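Structure below is protein-v5.cif: mmCIF, C-alpha atoms.
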```cif
data_query
#
loop_
_atom_site.label_atom_id
_atom_site.label_comp_id
_atom_site.auth_asym_id
_atom_site.auth_seq_id
_atom_site.Cartn_x
_atom_site.Cartn_y
_atom_site.Cartn_z
CA MET A 1 90.50 41.91 175.89
CA GLU A 2 94.10 42.45 174.80
CA GLU A 3 96.62 39.58 174.90
CA GLY A 4 98.40 41.02 177.96
CA ASN A 5 95.27 40.52 180.04
CA GLN A 6 94.82 36.93 178.94
CA THR A 7 98.11 35.57 180.30
CA GLY A 8 96.64 35.19 183.80
CA MET A 9 94.41 36.85 186.35
CA VAL A 10 95.40 40.47 186.85
CA LEU A 11 95.11 41.71 190.42
CA PHE A 12 95.56 45.24 191.71
CA HIS A 13 96.32 46.44 195.21
CA PHE A 14 96.33 49.95 196.61
CA ARG A 15 99.34 51.82 197.93
CA PRO A 16 99.04 52.31 201.71
CA PHE A 17 99.07 55.82 203.13
CA SER A 18 101.77 54.80 205.58
CA ARG A 19 103.88 51.77 206.46
CA LEU A 20 103.13 52.33 210.17
CA PRO A 21 100.14 50.30 211.44
CA GLU A 22 99.30 52.99 214.00
CA VAL A 23 99.00 55.66 211.30
CA GLN A 24 96.93 53.34 209.11
CA MET A 25 94.55 52.68 212.00
CA LEU A 26 94.18 56.43 212.66
CA ILE A 27 93.44 57.03 208.97
CA PHE A 28 90.89 54.19 209.04
CA VAL A 29 89.03 55.76 211.98
CA VAL A 30 89.05 59.24 210.40
CA PHE A 31 87.86 57.94 207.01
CA LEU A 32 85.16 55.81 208.64
CA MET A 33 83.86 58.79 210.63
CA MET A 34 83.82 61.01 207.52
CA TYR A 35 82.01 58.33 205.52
CA LEU A 36 79.33 57.84 208.19
CA VAL A 37 78.85 61.61 208.61
CA SER A 38 78.61 61.98 204.83
CA ILE A 39 75.97 59.24 204.52
CA GLY A 40 74.01 60.60 207.49
CA GLY A 41 74.15 64.22 206.33
CA ASN A 42 73.17 63.55 202.75
CA MET A 43 70.48 61.06 203.75
CA SER A 44 68.96 63.65 206.11
CA ILE A 45 68.75 66.14 203.21
CA VAL A 46 67.04 63.57 200.97
CA LEU A 47 64.52 62.52 203.64
CA THR A 48 63.83 66.08 204.81
CA THR A 49 63.23 67.26 201.25
CA TRP A 50 61.04 64.26 200.51
CA THR A 51 58.84 64.56 203.62
CA ASN A 52 58.52 68.36 203.87
CA ARG A 53 55.96 69.72 201.39
CA CYS A 54 57.28 73.28 201.53
CA LEU A 55 60.57 71.99 200.10
CA HIS A 56 58.90 70.47 197.04
CA THR A 57 60.42 73.03 194.67
CA PRO A 58 62.89 72.68 191.79
CA MET A 59 65.81 73.98 193.88
CA TYR A 60 65.33 71.35 196.59
CA PHE A 61 64.54 68.67 194.03
CA PHE A 62 67.99 69.18 192.51
CA LEU A 63 69.56 69.41 195.96
CA ALA A 64 68.01 66.06 196.93
CA ASN A 65 69.33 64.56 193.70
CA LEU A 66 72.79 65.94 194.45
CA ALA A 67 72.68 64.46 197.97
CA SER A 68 71.61 61.08 196.53
CA LEU A 69 74.52 61.15 194.10
CA GLU A 70 76.90 61.95 196.97
CA ILE A 71 75.65 58.91 198.91
CA PHE A 72 76.31 56.51 196.03
CA TYR A 73 79.53 58.32 195.08
CA SER A 74 80.94 57.96 198.62
CA SER A 75 79.82 54.32 198.78
CA THR A 76 81.67 53.58 195.56
CA ILE A 77 84.99 54.61 197.11
CA ALA A 78 84.81 54.36 200.90
CA PRO A 79 84.15 50.63 201.65
CA LEU A 80 87.03 49.33 199.51
CA THR A 81 89.31 52.11 200.75
CA LEU A 82 88.50 51.31 204.38
CA ALA A 83 89.20 47.61 203.78
CA SER A 84 92.50 48.46 202.09
CA VAL A 85 93.59 50.82 204.87
CA LEU A 86 92.72 48.24 207.52
CA SER A 87 94.47 45.36 205.74
CA ALA A 88 96.45 46.47 202.70
CA GLU A 89 98.12 43.06 202.20
CA ARG A 90 94.84 41.15 202.02
CA THR A 91 92.86 43.63 199.93
CA VAL A 92 93.31 42.88 196.25
CA VAL A 93 91.03 43.94 193.42
CA SER A 94 90.40 42.00 190.24
CA LEU A 95 90.44 43.61 186.81
CA ALA A 96 86.63 43.46 186.67
CA GLY A 97 86.29 44.85 190.19
CA CYS A 98 88.62 47.74 189.43
CA GLY A 99 86.74 48.44 186.20
CA ALA A 100 83.40 48.48 188.03
CA GLN A 101 84.68 50.91 190.66
CA MET A 102 86.16 53.18 187.99
CA PHE A 103 82.93 53.14 185.99
CA PHE A 104 80.74 54.16 188.94
CA PHE A 105 83.29 56.74 190.08
CA ILE A 106 83.30 58.43 186.65
CA PHE A 107 79.54 58.00 186.19
CA LEU A 108 78.50 59.47 189.54
CA GLY A 109 81.25 62.12 189.60
CA SER A 110 80.35 63.32 186.11
CA ALA A 111 76.64 63.42 186.88
CA ASP A 112 77.46 65.37 190.07
CA CYS A 113 79.39 68.06 188.16
CA ILE A 114 76.74 68.35 185.43
CA LEU A 115 73.98 68.60 188.05
CA LEU A 116 75.80 71.52 189.69
CA ALA A 117 75.55 73.34 186.34
CA VAL A 118 71.83 72.52 186.19
CA MET A 119 71.41 73.97 189.70
CA ALA A 120 73.16 77.16 188.56
CA TYR A 121 70.66 77.44 185.70
CA ASP A 122 67.81 76.98 188.18
CA ARG A 123 69.17 79.87 190.32
CA PHE A 124 69.62 82.00 187.17
CA VAL A 125 65.96 81.55 186.20
CA ALA A 126 64.76 82.13 189.78
CA ILE A 127 66.66 85.42 190.21
CA CYS A 128 66.76 86.83 186.69
CA HIS A 129 63.26 85.74 185.59
CA PRO A 130 61.26 85.35 188.83
CA LEU A 131 57.85 85.95 187.24
CA ARG A 132 58.43 83.20 184.68
CA TYR A 133 60.20 80.80 187.06
CA THR A 134 57.35 78.33 187.60
CA LEU A 135 56.57 78.37 183.89
CA ILE A 136 60.16 77.72 182.80
CA MET A 137 61.23 75.33 185.57
CA SER A 138 58.31 72.92 185.22
CA TRP A 139 58.54 69.53 186.90
CA HIS A 140 58.76 67.93 183.49
CA LEU A 141 61.88 69.97 182.67
CA CYS A 142 63.39 69.34 186.12
CA VAL A 143 63.08 65.57 185.70
CA GLN A 144 64.52 65.80 182.18
CA LEU A 145 67.52 67.79 183.41
CA ALA A 146 68.18 65.39 186.28
CA LEU A 147 67.89 62.33 184.04
CA GLY A 148 70.01 64.07 181.39
CA SER A 149 72.82 64.54 183.92
CA LEU A 150 72.72 60.82 184.73
CA LEU A 151 72.54 59.78 181.08
CA LEU A 152 75.48 61.93 180.00
CA GLY A 153 77.52 60.73 182.98
CA PHE A 154 76.67 57.11 182.14
CA ILE A 155 77.67 57.45 178.48
CA LEU A 156 80.99 59.16 179.26
CA ALA A 157 81.82 56.66 182.01
CA MET A 158 81.02 53.64 179.87
CA GLN A 159 83.11 54.84 176.92
CA LEU A 160 86.13 55.80 179.03
CA THR A 161 86.08 52.69 181.23
CA VAL A 162 85.78 50.29 178.29
CA LEU A 163 88.58 52.10 176.45
CA ILE A 164 90.95 51.93 179.42
CA PHE A 165 90.25 48.31 180.32
CA ARG A 166 90.96 47.17 176.79
CA LEU A 167 94.57 48.01 177.56
CA PRO A 168 96.90 45.11 178.45
CA PHE A 169 97.94 44.83 182.10
CA CYS A 170 100.79 42.36 182.28
CA SER A 171 100.76 41.29 185.95
CA SER A 172 99.55 42.20 189.41
CA LYS A 173 100.17 45.90 190.06
CA GLU A 174 100.14 48.48 192.84
CA ILE A 175 97.81 51.40 192.18
CA SER A 176 99.41 54.62 193.47
CA LEU A 177 96.12 55.71 195.05
CA PHE A 178 93.45 54.34 197.40
CA TYR A 179 90.90 53.57 194.66
CA CYS A 180 90.81 52.75 190.93
CA ASP A 181 91.17 56.21 189.40
CA VAL A 182 91.80 56.73 185.71
CA LEU A 183 95.36 58.09 185.61
CA PRO A 184 96.95 55.71 188.16
CA VAL A 185 95.39 52.67 186.45
CA MET A 186 96.33 53.93 183.00
CA ARG A 187 99.97 54.18 184.11
CA LEU A 188 100.02 50.44 184.83
CA ALA A 189 99.21 49.48 181.24
CA CYS A 190 101.83 47.73 179.10
CA ALA A 191 100.98 49.74 175.99
CA ASP A 192 100.94 53.24 174.57
CA THR A 193 98.23 55.35 176.24
CA HIS A 194 98.33 58.61 174.27
CA VAL A 195 94.88 58.02 172.76
CA HIS A 196 93.46 57.17 176.17
CA GLU A 197 95.00 60.29 177.75
CA ALA A 198 93.53 62.44 174.97
CA THR A 199 90.11 60.82 175.53
CA LEU A 200 90.36 61.49 179.26
CA PHE A 201 91.13 65.14 178.56
CA VAL A 202 88.10 65.44 176.24
CA VAL A 203 85.84 63.85 178.88
CA SER A 204 87.29 66.20 181.52
CA VAL A 205 86.52 69.22 179.34
CA ILE A 206 82.93 68.01 178.84
CA VAL A 207 82.41 67.30 182.55
CA LEU A 208 84.44 70.11 184.14
CA THR A 209 85.27 72.98 181.78
CA ILE A 210 81.97 73.37 179.90
CA PRO A 211 79.73 73.12 183.01
CA PHE A 212 82.01 75.50 184.91
CA LEU A 213 81.83 78.05 182.09
CA LEU A 214 78.03 77.76 182.07
CA ILE A 215 77.97 78.20 185.87
CA THR A 216 80.23 81.26 185.59
CA LEU A 217 78.01 82.77 182.89
CA SER A 218 74.91 82.11 185.01
CA TYR A 219 76.45 83.86 188.00
CA VAL A 220 77.49 86.87 185.93
CA PHE A 221 73.80 87.43 185.12
CA ILE A 222 72.76 86.53 188.69
CA VAL A 223 75.14 89.06 190.29
CA ASP A 224 74.05 91.72 187.82
CA ALA A 225 70.39 91.07 188.68
CA ILE A 226 71.07 91.06 192.44
CA LEU A 227 72.90 94.39 192.31
CA LYS A 228 69.79 95.92 190.71
CA ILE A 229 67.61 94.91 193.67
CA ARG A 230 66.94 98.08 195.68
CA SER A 231 66.32 96.64 199.15
CA ALA A 232 69.24 95.38 201.21
CA GLU A 233 67.07 92.53 202.54
CA GLY A 234 66.22 91.44 199.00
CA ARG A 235 69.87 91.42 198.00
CA ARG A 236 70.83 89.48 201.14
CA LYS A 237 68.16 86.84 200.53
CA ALA A 238 69.14 86.45 196.87
CA PHE A 239 72.83 86.09 197.76
CA SER A 240 72.06 83.57 200.51
CA THR A 241 70.23 81.26 198.08
CA CYS A 242 73.30 81.19 195.81
CA SER A 243 76.23 81.29 198.24
CA SER A 244 75.96 77.65 199.35
CA HIS A 245 75.81 76.40 195.75
CA LEU A 246 78.73 78.60 194.73
CA THR A 247 80.83 77.33 197.66
CA VAL A 248 80.21 73.71 196.66
CA VAL A 249 81.00 74.50 193.00
CA LEU A 250 84.37 76.08 193.86
CA LEU A 251 85.28 73.18 196.14
CA GLN A 252 84.26 70.47 193.67
CA TYR A 253 85.58 71.97 190.45
CA GLY A 254 88.74 73.37 192.05
CA CYS A 255 89.92 69.99 193.35
CA THR A 256 88.98 67.87 190.34
CA SER A 257 90.52 70.37 187.88
CA LEU A 258 93.88 70.01 189.64
CA ILE A 259 93.88 66.33 188.66
CA TYR A 260 92.02 65.97 185.37
CA LEU A 261 92.71 69.22 183.51
CA CYS A 262 96.47 69.22 184.10
CA PRO A 263 98.75 67.44 181.58
CA SER A 264 99.00 63.76 182.46
CA SER A 265 102.79 64.00 182.26
CA SER A 266 102.72 66.34 185.27
CA TYR A 267 100.58 63.98 187.37
CA SER A 268 102.06 63.42 190.83
CA PRO A 269 100.87 60.40 192.84
CA GLU A 270 101.54 62.26 196.10
CA ARG A 271 99.51 65.29 195.05
CA GLY A 272 96.84 63.01 193.60
CA GLN A 273 96.57 61.21 196.93
CA VAL A 274 95.96 64.42 198.88
CA VAL A 275 93.58 66.04 196.39
CA SER A 276 91.63 62.80 195.95
CA VAL A 277 91.00 62.61 199.70
CA VAL A 278 89.41 66.07 199.46
CA TYR A 279 86.89 65.27 196.73
CA THR A 280 86.15 61.65 197.74
CA PHE A 281 85.88 62.01 201.53
CA ILE A 282 85.93 65.65 202.64
CA THR A 283 83.63 67.21 200.01
CA PRO A 284 80.75 64.72 200.58
CA VAL A 285 80.95 65.62 204.29
CA LEU A 286 81.04 69.38 203.70
CA ASN A 287 78.25 69.56 201.10
CA PRO A 288 75.32 68.81 203.46
CA LEU A 289 76.88 71.04 206.14
CA ILE A 290 77.27 73.93 203.69
CA TYR A 291 73.72 73.65 202.37
CA SER A 292 72.12 73.20 205.80
CA MET A 293 74.03 76.07 207.42
CA ARG A 294 73.62 78.55 204.56
CA ASN A 295 69.99 77.77 203.69
CA ARG A 296 67.41 78.94 206.22
CA GLU A 297 64.46 76.93 204.84
CA LEU A 298 66.42 73.68 204.86
CA LYS A 299 67.89 74.46 208.29
CA ASP A 300 64.41 75.07 209.75
CA ALA A 301 63.06 71.90 208.13
CA LEU A 302 65.94 69.85 209.55
CA LYS A 303 65.36 71.31 213.03
CA LYS A 304 61.64 70.45 212.86
CA ALA A 305 62.47 66.92 211.71
CA VAL A 306 64.91 66.44 214.60
CA MET A 307 62.39 67.83 217.14
CA ARG A 308 59.66 65.57 215.74
CA PHE A 309 61.96 62.55 216.03
CA LEU A 310 62.88 63.43 219.64
CA LEU A 311 59.24 63.84 220.62
CA LEU A 312 58.33 60.48 219.08
CA ASP A 313 61.28 58.89 220.83
CA LYS A 314 60.09 60.19 224.22
CA GLN A 315 56.60 58.85 223.62
#
```
Conversion result in structure tokens:
Amino acid sequence: MEEGNQTGMVLFHFRPFSRLPEVQMLIFVVFLMMYLVSIGGNMSIVLTTWTNRCLHTPMYFFLANLASLEIFYSSTIAPLTLASVLSAERTVVSLAGCGAQMFFFIFLGSADCILLAVMAYDRFVAICHPLRYTLIMSWHLCVQLALGSLLLGFILAMQLTVLIFRLPFCSSKEISLFYCDVLPVMRLACADTHVHEATLFVVSVIVLTIPFLLITLSYVFIVDAILKIRSAEGRRKAFSTCSSHLTVVLLQYGCTSLIYLCPSSSYSPERGQVVSVVYTFITPVLNPLIYSMRNRELKDALKKAVMRFLLLDKQ
């Protein structure tokens, strides 16, 4: 570690959303509700997909993986944020603790974005090459793609986190956000960070730009194939299988691009605070709702699971 980090224990604390205790308490309740709904919604998708044999297909395999990532992703941010909102003065984070949170945030967030590109490829094969779908999207390939998303996310997160936490942090600092994100932490360093900012941009391009371009290319071919379907019912069914995924993609990539693909010199803590709430709390809540409402098979499976649970409860 650099000399600046060896002069004493470095502690971070998070900037409160408001100085008013009443507002902080309201934010705590809202965040807690969103976190619980997110965990419940994503867990229901995982369990429903796991227990329902008709959902044992590549599309739902990737969806269950995405829901699992969302559970761990939310749990990386929410507990510490809730503690900080409830008692900002008492909640301090050590250098190691901040590094661990940043690592898992980058790791799970990167894997999430890469997995969305994998899901777009799955939809491309299903719609553009339906007769070869089961041959191409074998379970062996599906597992490889899912593990590849995790591996790439892990490598990028490890490299970026180690690079940032080799910077010297001279004393206890206030992070201008509610969790240990890359740019706010980097701004607290007592050294030049141009190399680190360039590395962050490269990682952002790998995680955001390249997958988004691949998703866009996949959907160009998907839309072209759908428009060639003669029956209106066939076109509607094909669009319905893609619309939920496309909605999640636009929400996820749109928000994160506002933070990580903009020049670091233009970073605004106020804007970062608002946008970060969207992709750390709101998006994990919306994802299971979007997929369950827009996907008939999953919706029916969830209804059956709920009815089965109610019947068992009555017995």
Contacts of A:Ile127 at 8 Å or less, counting all atoms listed in the file, minus same-chain residues fewer than 6 places along, as a PyMOL selection string?
-> chain A and resi 222+225-226+238
Sphere at (92.7, 63.3, 195.6), radius 10 Å, counting only C-alpha atoms: residues as a VMD selection string | chain A and resid 177 to 179 181 255 to 256 258 to 259 269 to 281
Report as JSON lines the residues of stretch 174-285 of chain A within 8 Å of stretch 151-166 of chain A, each with its shortest atom pair and distance in Å (one decimal), using only C-alpha atoms, ordered by chain and increasing residue number.
```
{"residue": "A:Val182", "atom": "CA", "partner": "A:Ile164", "partner_atom": "CA", "distance": 8.0}
{"residue": "A:Met186", "atom": "CA", "partner": "A:Ile164", "partner_atom": "CA", "distance": 6.8}
{"residue": "A:His196", "atom": "CA", "partner": "A:Ile164", "partner_atom": "CA", "distance": 6.7}
{"residue": "A:Thr199", "atom": "CA", "partner": "A:Leu160", "partner_atom": "CA", "distance": 7.3}
{"residue": "A:Leu200", "atom": "CA", "partner": "A:Leu160", "partner_atom": "CA", "distance": 7.1}
{"residue": "A:Val203", "atom": "CA", "partner": "A:Leu156", "partner_atom": "CA", "distance": 6.8}
```
Nearby residues (only C-alpha atoms) at most 7 Å from stretch 90-97 of chain A, same-chain spacing under 5 positions excluded, as a compact mmCIF listing (two decimals) with C-alpha atoms, in the frame of the given file:
```
# COMPACT_ATOMS: atom_id res chain seq x y z
CA VAL A 10 95.40 40.47 186.85
CA LEU A 11 95.11 41.71 190.42
CA PHE A 12 95.56 45.24 191.71
CA HIS A 13 96.32 46.44 195.21
CA ALA A 83 89.20 47.61 203.78
CA SER A 84 92.50 48.46 202.09
```
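Residues in contact with stretch 22-37 of chain A at 8 Å, where all atoms listed in the file are counted and same-chain residues fewer than 4 positions away are skipped, are listed as Pro16, Phe17, Ser18, Gly41, Ser74, Ala78, Leu82, Val85, Leu86, Phe281, Ile282 and Val285 of chain A.
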